[in-house]
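In what follows, a structure is listed as structure tokens, so that the remarks can point back to it.
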Amino acid sequence: MEEFHWTKKWEKKNADFHKWNFDLSKGPIHISWFNGAETNVCYNCLDRHVEAGEGDRVCFYWEGNDPGQERTVTYQEMLDLVCQIGNYLRSQGAGPDDEVAIYMPMIPELPATMLACSRIGAIFSVVFAGFSAESLGGRLTSPVPNPVPKVLVTCSAVRRGAKPIELKKIVDEALEIVEQSVATQAVDPSASTPHMHQAYSNRRLAEGLSSAALGGEDGSGRKGVPHVLVFDHTQASGLGRDKFQAGWVEGRDVWWQDVIPSQPTTCEVTWRAAEDTLFKLYTSGSTGQPKGVLHTTAGYMAGIALTYKYVFDHRPTDVFWCTADCGWITGHSYVSFGPMLNGATQILFEGIPTYPDAGRWWELVDKYQCTVFYTAPTAIRALMAQGDQWVKKYKRSSVRILGTVGEPINPEAWWWYYDVVGEKRADIVVGEKRADIVDTWWQTETGMHMITPLPGCTPLKAGAASLPFFGVEPALLDQAGNEIEGPGQGYLVIKRPWPAMMRTVAGDHARFEQTYFSQYKGYYFTGDGARRDEDGYYWITGRVDDVINVSGHRIGTAEVESALVGHHLCAEAAVVPLDHPIKGTAIYAYVTLMEGLGHPPDDPEAVRKELVKAVRKAIGPIATPDVIHWAPALPKTRSGKIMRRVLRKIASGHESKLGDISTLADPGVVKALIELRGK
Ligand code: 6R9
């Protein structure tokens with residue numbers, strides 16, 4: 001902490017270093033760290049290194065989707081760019097605590113825009129550029145801390161593999177939704193957000209959720225739509241400006257290249273109080289629409305800088321590569337901020353691991369001499385399926401640490417990562433024969449690594465996230481909420497705050513308290529289950545709530561159900577997870593069609609296609625259901641609750657182990673569902 005630049009230090013009194021209470025019965029949950037301190041995250045990421053004479057150090061080696069597209073950006077160049085963006089955003093009225101939305105592909109301008117916002121004190125809200133227009137629209141109109149963002153920063157188009165994606169067109173569509181919503185809000189401030197189907201939200205309301213929890217209440221009197229700054233990515237995407245002429249709105253849309261390069265390369269820093277908001281990032285929960293998780297300044301900065309330094313054993317000669325997109329928390333903490341806070345050199349890759357072939361990642365590892373590589377188990381499994389030859393074609397001799405994040409890693413994938421990817425060829429081994437693996441467990445909400453090995457220090461076990469990071473105090477609870485001592489399995493909770501912890505849900509502190517602190521008095525509830533072995537190692541077993549982790553991405557069952565019932569053919573839907581060899585878990589959807597359509601319907605494939613399309617439109621391709629199971633009715637308790645436990649068993653073919661179904665209103669439903677499997 002001392003190495004950072006502070007315009008004001010925190011209060012030294014121990015009691016004021018951070019304040020906390022995890023027990024709702026003792027009052028509101030209010031977390032604060034480094035009280036009284038004042039700093040700026042961007043300044044600590046960039047200016048500090050440049051002022052120390054490190055301006056020529058490479059900040060990013062950027063590699064585009066297609067081989068041959070590359071750029072090198074030094075720390076000085078990054079600072080210049082960030083200042084230009086900061087000046088422009090300021091000129092558009094974005095000041096402290098104003099929101100700026102970002103919908104961009106993995107180009108240096110993406111982390112640069114995030115840093116620019118932090119420089120001027122604006123709150124950035126990055127939406128992964130794989131989400132659909134409806135998803136983006138919903139995230140742009142969600143209430144508070146601000147109404148509609150002041151500026152939306154995007155890009156004309158991008159290519160992922162061979163496929164061009166016209167981001168600007170998606171933005172145009174999303175802004176239409178925003179406009180409609182603004183108009184509706186003006187008439188009826190209690191109108192539901194556009195992406196939550198009305199009938200569905202009514203049903204969830206009937207199930208006892210507050211309308212605020214569904215994102216239904218606002219009353220903030222929002223108006224207007226954001227100003228849109230569009231990065232022209234013609235060279236990489238192959239699509240020129242003319243392609244976007246039709247949807248261009250004069251006065252609203254501006255080309256990045258027309259306004260940014262002419263800005264001055266110095267930009268005054270807006271110093272921020274320790275607990276000023278840094279960013280908002282949406283994540284899926286078990287109920288309602290995604291929550292806007294809010295992170296603040298000093299605690300977040302300290303938490304990610306420290307975890308980056310120790311978990312990746314940072315050395316100045318490192319070339320770090322995190323393959324996560326900046327649209328997720330991993331890209332926030334370990335692309336945009338953690339590495340730069342440590343002055344690291346990074347690889348930023350726009351493409352996908354299998355284009356033009358399945359050796360692309362390892363080719364880049366050699367090309368840039370990557371030393372620390374960080375990715376998700378789903379990618380490891382997908383590449384494992386392509387065969388060892390793609391890996392072995394390259395040396396990988398520079399790599400010393402391999403990280404994973406996002407979902408539990410199965411031992412087969414762990415061993416493949418360790419033995420095949422992490423192996424140094426016999427002829428080039430110097431020192432250790434294998435790279436260390438760090439399996440890092442954490443969440444959007446935790447902001448930073450929480451349970452993870454420290455390389456070269458923690459003895460490794462294949463598939464275990466292992467031990468808590470310094471200062472993190474996890475515990476396992478049984479069904480009754482009692483702490484389990486010693487080895488055992490239960491609900492994973494955290495007993496005391498850590499600096500990078502989320503502070504609230506945007507505009508809905510009650511939802512924050514309800515989601516994380518109401519299940520178990522005095523604990524932060526993670527939503528995960530875990531086992532602890534005799535050595536005290538934690539093995540994460542996966543989500544225990546209604547969140548499905550698809551390829552490391554959190555999808556709420558409620559969101560998919562809402563999208564399905566939004567389709568006119570669908571009367572009711574229930575979504576459960578299903579084990580999947582590559583994705584980890586896939587989406588399995590039970591669908592009850594409208595009266596008279598039959599189960600299965602006359603043309604099941606056509607209806608299936610329609611429903612899948614509806615989900616992709618509402619959320620995005622990542623939420624595509626793998627299976628749609630026709631359900632004349634859903635198994636419900638007499639009080640009308642869907643018995644998901646039963647649906648999970650039927651989906652996985654374990655119907656012989658259904659357990660007690662005596663509480664079902666109509667036990668005949670189960671038999672009908674089993675008969676319709678695979679139809
Ligand atoms: C960082 C990130 C969080 C959820 C989390 C858990 C799963 C993440 C994991 C892991 C097992 C690991 N998860 N890391 N499960 N082992 N190393 O992924 O954040 O997108 O919010 O997801 O991901 O289920 O609760 P986020």
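Here, A, B, ... name the chains of the structure tokens in the order displayed, residue numbers run from 1 inside each chain, and ligands are numbered from 1 in the same displayed order.
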| said: Need the shell around A:Lys649: protein/DNA/RNA residues with any atom at most 12 Å away, counting only C-alpha atoms. Skip same-chain ones fewer than 2 positions apart. Format as a ChimeraX atom specification? | reply: /A:576-579,588,643-647,651-659,661,670,673-674,677
| Residue set, stretch 315-536 of chain A restricted to strand (DSSP E), as an NGL selection string | :A and (319-322 or 345-349 or 372-375 or 401-404 or 436-439 or 474-477 or 488-494 or 504-505 or 524-532)
| said: Excluding A:Ser286 and its own-chain neighbours fewer than 6 positions away, which residues fall within 10 Å of it when counting only C-alpha atoms? Please give them as JSON, numbers by chain. | reply: {"A": [515, 527, 544, 545, 546, 547, 548, 554, 555, 556, 557, 558, 559]}
| request: Do a neighbour search on A:Ala574 at 8 Å with only C-alpha atoms, toss out local chain neighbours closer than 2 positions, and write the hits as number ranges by chain. | output: A: 557, 561, 572, 576, 589-591, 634, 642, 644
| task | One decimal, Å: what's the distance from atom 7 (C, counted along the ligand's line) of ligand 1 over to atom CA of A:Thr541, could you say? | result |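 Going from atom 7 (C, counted along the ligand's line) of ligand 1 over to atom CA of A:Thr541 covers 9.1 Å.
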| task | Return as a PyMOL selection string the residues of protein, DNA or RNA that approach ligand 1 to within 8 Å, with only C-alpha atoms and all ligand atoms taken into account. | result | chain A and resi 283-284+328-330+404-409+439-445+447-449+451-452+463-465+526-528+539-543+549+552-554
| field | Near-A:His5 list (8 Å; only C-alpha atoms; drop same-chain fewer than 6 positions) as a ChimeraX atom specification | value | /A:39-40,43-44,48
